[in-house]
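Text of the file run-v9.csv, holding CSV, C-alpha atoms:
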chain,number,residue,atom,x,y,z
C,21,MET,CA,32.0,-21.9,25.7
C,22,LEU,CA,35.6,-20.8,25.7
C,23,TYR,CA,36.7,-17.2,26.2
C,24,GLU,CA,40.2,-16.4,25.1
C,25,TYR,CA,42.1,-13.2,25.8
C,26,TYR,CA,45.7,-12.3,24.9
C,27,PHE,CA,47.5,-9.4,26.6
C,28,GLU,CA,50.2,-7.8,24.5
C,29,GLY,CA,53.1,-5.6,25.6
C,30,ARG,CA,53.8,-5.2,29.3
C,31,LYS,CA,52.8,-7.7,31.9
C,32,PRO,CA,49.1,-7.2,32.9
C,33,SER,CA,48.3,-6.2,36.4
C,34,LEU,CA,46.2,-8.3,38.7
C,35,ALA,CA,43.4,-5.8,38.3
C,36,GLN,CA,43.5,-6.1,34.5
C,37,VAL,CA,43.4,-9.9,34.6
C,38,LYS,CA,40.5,-9.8,37.1
C,39,LYS,CA,38.6,-7.4,34.8
C,40,VAL,CA,39.0,-9.7,31.8
C,41,ILE,CA,37.8,-12.7,33.8
C,42,ASN,CA,34.8,-10.9,35.2
C,43,GLN,CA,33.9,-9.7,31.6
C,44,GLY,CA,34.0,-13.3,30.3
C,45,LEU,CA,32.0,-14.7,33.2
C,46,ASN,CA,29.4,-11.9,32.8
C,47,ASN,CA,29.1,-12.8,29.1
C,48,GLY,CA,28.2,-16.4,30.0
C,49,TYR,CA,31.5,-18.1,29.3
C,50,ASN,CA,32.4,-21.0,31.6
C,51,MET,CA,36.0,-21.6,30.3
C,52,LEU,CA,38.5,-18.8,30.2
C,53,GLU,CA,42.1,-18.7,28.9
C,54,ILE,CA,44.1,-15.6,29.6
C,55,SER,CA,47.6,-15.4,28.1
C,56,TRP,CA,50.5,-13.1,28.0
C,57,GLY,CA,53.5,-14.2,25.9
C,58,GLU,CA,54.2,-17.8,26.9
C,59,ASN,CA,52.3,-17.4,30.2
C,60,LEU,CA,48.8,-18.8,30.4
C,61,LEU,CA,46.2,-19.1,33.1
C,62,SER,CA,42.8,-20.9,32.8
C,63,ILE,CA,39.6,-20.7,34.8
C,64,GLU,CA,36.8,-23.1,34.4
C,65,ARG,CA,33.4,-23.1,36.0
C,66,GLU,CA,31.6,-26.5,36.6
C,67,GLY,CA,28.2,-25.8,38.2
C,68,ILE,CA,28.8,-23.4,41.0
C,69,ASP,CA,32.5,-24.3,41.5
C,70,PHE,CA,35.5,-22.7,39.8
C,71,TYR,CA,38.8,-24.4,39.1
C,72,GLY,CA,42.0,-22.6,38.0
C,73,TRP,CA,45.5,-23.4,36.9
C,74,GLY,CA,48.5,-21.8,35.3
C,75,TRP,CA,50.3,-18.5,35.9
C,76,ILE,CA,50.9,-15.1,34.4
C,77,LYS,CA,54.1,-14.3,36.3
C,78,ASN,CA,52.9,-14.1,39.9
C,79,ILE,CA,49.2,-14.2,39.1
C,80,SER,CA,47.8,-17.7,39.8
C,81,GLY,CA,44.8,-19.3,38.2
C,82,GLY,CA,44.2,-21.4,41.3
C,83,ASP,CA,44.2,-18.3,43.5
C,84,LEU,CA,41.7,-16.5,41.3
C,85,ALA,CA,39.5,-19.6,41.2
C,86,ASN,CA,39.6,-19.8,45.1
C,87,GLU,CA,38.6,-16.1,45.2
C,88,LEU,CA,35.7,-16.8,42.8
C,89,ASN,CA,34.5,-19.7,44.9
C,90,GLN,CA,34.5,-17.5,48.0
C,91,ASN,CA,33.0,-14.3,46.6
C,92,GLY,CA,31.4,-15.3,43.3
C,93,VAL,CA,33.2,-12.4,41.6
C,94,LEU,CA,36.7,-11.0,41.5
C,95,LYS,CA,37.2,-7.7,43.2

Rewrite the coordinates I just gave you, this time as structure tokens.
Amino acid sequence: MLYEYYFEGRKPSLAQVKKVINQGLNNGYNMLEISWGENLLSIEREGIDFYGWGWIKNISGGDLANELNQNGVLK
């Protein structure tokens, strides 16, 4: 299942992006696309592993996926 979220207006903070990702994961989604303007980051869960790519300014999908792999949740 794909969870899509679009931020409007100002650039979202890291905390806002993490909150949206956690909400999607808690609702059972295994693919997430978070966008802001032309910026897009994606997180995908395959089994117990997370993969991420893309950027929203300085927020990296890869970094968020690594944090999920280490902690199981974004803090």

message: I want to know what sits within 7 Å of region 46-60 of chain C, based on only C-alpha atoms, with residues of the same chain fewer than 4 positions away left out; could you give that as a list of chain:residue names?
response: C:Met21, C:Leu22, C:Tyr23, C:Glu24, C:Tyr25, C:Tyr26, C:Phe27, C:Glu28, C:Asn42, C:Glu64, C:Arg65, C:Gly74, C:Trp75, C:Ile76

Length of the CA of Asp69 (chain C) to CA of Gln36 (chain C) vector [Å]: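 Between CA of Asp69 (chain C) and CA of Gln36 (chain C) the gap is 22.4 Å.
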
task: Could you please determine the separation between CA of Gln43 (chain C) and CA of Asp83 (chain C) in Å, to one decimal place?
output: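 Result for CA of Gln43 (chain C) versus CA of Asp83 (chain C): 17.9 Å, one decimal.
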
task: Just give me the gap between CA of Pro32 (chain C) and CA of Leu88 (chain C) in Å, one decimal is fine.
output: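 We find that CA of Pro32 (chain C) and CA of Leu88 (chain C) lie 19.2 Å from each other.
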
- prompt: With all atoms listed in the file as the atoms that count, which of C:Ile68, C:Gly81, C:Asn86, C:Asn91 lies nearest to Leu34 (chain C)?
  reply: C:Gly81

statement: Residue with the minimum atom-to-atom distance to Gly44 (chain C), picked from C:Phe70, C:Gly82, C:Asn89, C:Ile63 with only C-alpha atoms counted, is C:Ile63

Given all atoms listed in the file as the counted atoms, nearest of C:Arg30, C:Glu66, C:Leu45, C:Tyr71 to Leu84 (chain C):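 Comparing C:Arg30, C:Glu66, C:Leu45, C:Tyr71 against Leu84 (chain C), the winner is C:Tyr71.
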
List the neighbours of Ser33 (chain C) out to 10 Å using only C-alpha atoms; skip same-chain residues closer than 2 positions along the sequence, and give me the result as a compact mmCIF listing (two decimals) with C-alpha atoms, in the coordinates of the input.
# COMPACT_ATOMS: atom_id res chain seq x y z
CA ARG C 30 53.80 -5.20 29.30
CA LYS C 31 52.80 -7.70 31.90
CA ALA C 35 43.40 -5.80 38.30
CA GLN C 36 43.50 -6.10 34.50
CA VAL C 37 43.40 -9.90 34.60
CA LYS C 38 40.50 -9.80 37.10
CA LYS C 39 38.60 -7.40 34.80
CA ILE C 76 50.90 -15.10 34.40
CA LYS C 77 54.10 -14.30 36.30
CA ASN C 78 52.90 -14.10 39.90
CA ILE C 79 49.20 -14.20 39.10

Is there a way to complete region 27-44 of chain C with N, CA and C atoms and then write that out as a compact mmCIF listing (two decimals), in the frame of the given file?
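Writing the result to part.txt gives the following:
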# COMPACT_ATOMS: atom_id res chain seq x y z
N PHE C 27 46.95 -10.71 26.27
CA PHE C 27 47.50 -9.40 26.60
C PHE C 27 48.82 -9.25 25.78
N GLU C 28 48.99 -8.09 25.20
CA GLU C 28 50.20 -7.80 24.50
C GLU C 28 51.00 -6.72 25.22
N GLY C 29 52.30 -6.65 24.96
CA GLY C 29 53.10 -5.60 25.60
C GLY C 29 53.51 -5.98 27.00
N ARG C 30 53.37 -5.00 27.88
CA ARG C 30 53.80 -5.20 29.30
C ARG C 30 52.94 -6.21 30.00
N LYS C 31 53.51 -6.74 31.07
CA LYS C 31 52.80 -7.70 31.90
C LYS C 31 51.52 -7.07 32.45
N PRO C 32 50.39 -7.77 32.33
CA PRO C 32 49.10 -7.20 32.90
C PRO C 32 49.15 -7.22 34.39
N SER C 33 48.46 -6.25 34.96
CA SER C 33 48.30 -6.20 36.40
C SER C 33 47.24 -7.18 36.85
N LEU C 34 47.22 -7.45 38.14
CA LEU C 34 46.20 -8.30 38.70
C LEU C 34 44.81 -7.75 38.42
N ALA C 35 44.66 -6.44 38.55
CA ALA C 35 43.40 -5.80 38.30
C ALA C 35 42.93 -5.99 36.85
N GLN C 36 43.86 -5.90 35.90
CA GLN C 36 43.50 -6.10 34.50
C GLN C 36 43.07 -7.53 34.22
N VAL C 37 43.76 -8.50 34.81
CA VAL C 37 43.40 -9.90 34.60
C VAL C 37 42.02 -10.17 35.23
N LYS C 38 41.76 -9.65 36.43
CA LYS C 38 40.50 -9.80 37.10
C LYS C 38 39.35 -9.22 36.24
N LYS C 39 39.59 -8.06 35.66
CA LYS C 39 38.60 -7.40 34.80
C LYS C 39 38.22 -8.25 33.63
N VAL C 40 39.21 -8.81 32.96
CA VAL C 40 39.00 -9.70 31.80
C VAL C 40 38.19 -10.92 32.20
N ILE C 41 38.54 -11.53 33.31
CA ILE C 41 37.80 -12.70 33.80
C ILE C 41 36.39 -12.39 34.11
N ASN C 42 36.16 -11.30 34.82
CA ASN C 42 34.80 -10.90 35.20
C ASN C 42 33.97 -10.63 33.89
N GLN C 43 34.58 -10.00 32.88
CA GLN C 43 33.90 -9.70 31.60
C GLN C 43 33.46 -11.05 30.97
N GLY C 44 34.37 -12.00 30.91
CA GLY C 44 34.00 -13.30 30.30
C GLY C 44 32.94 -14.00 31.05
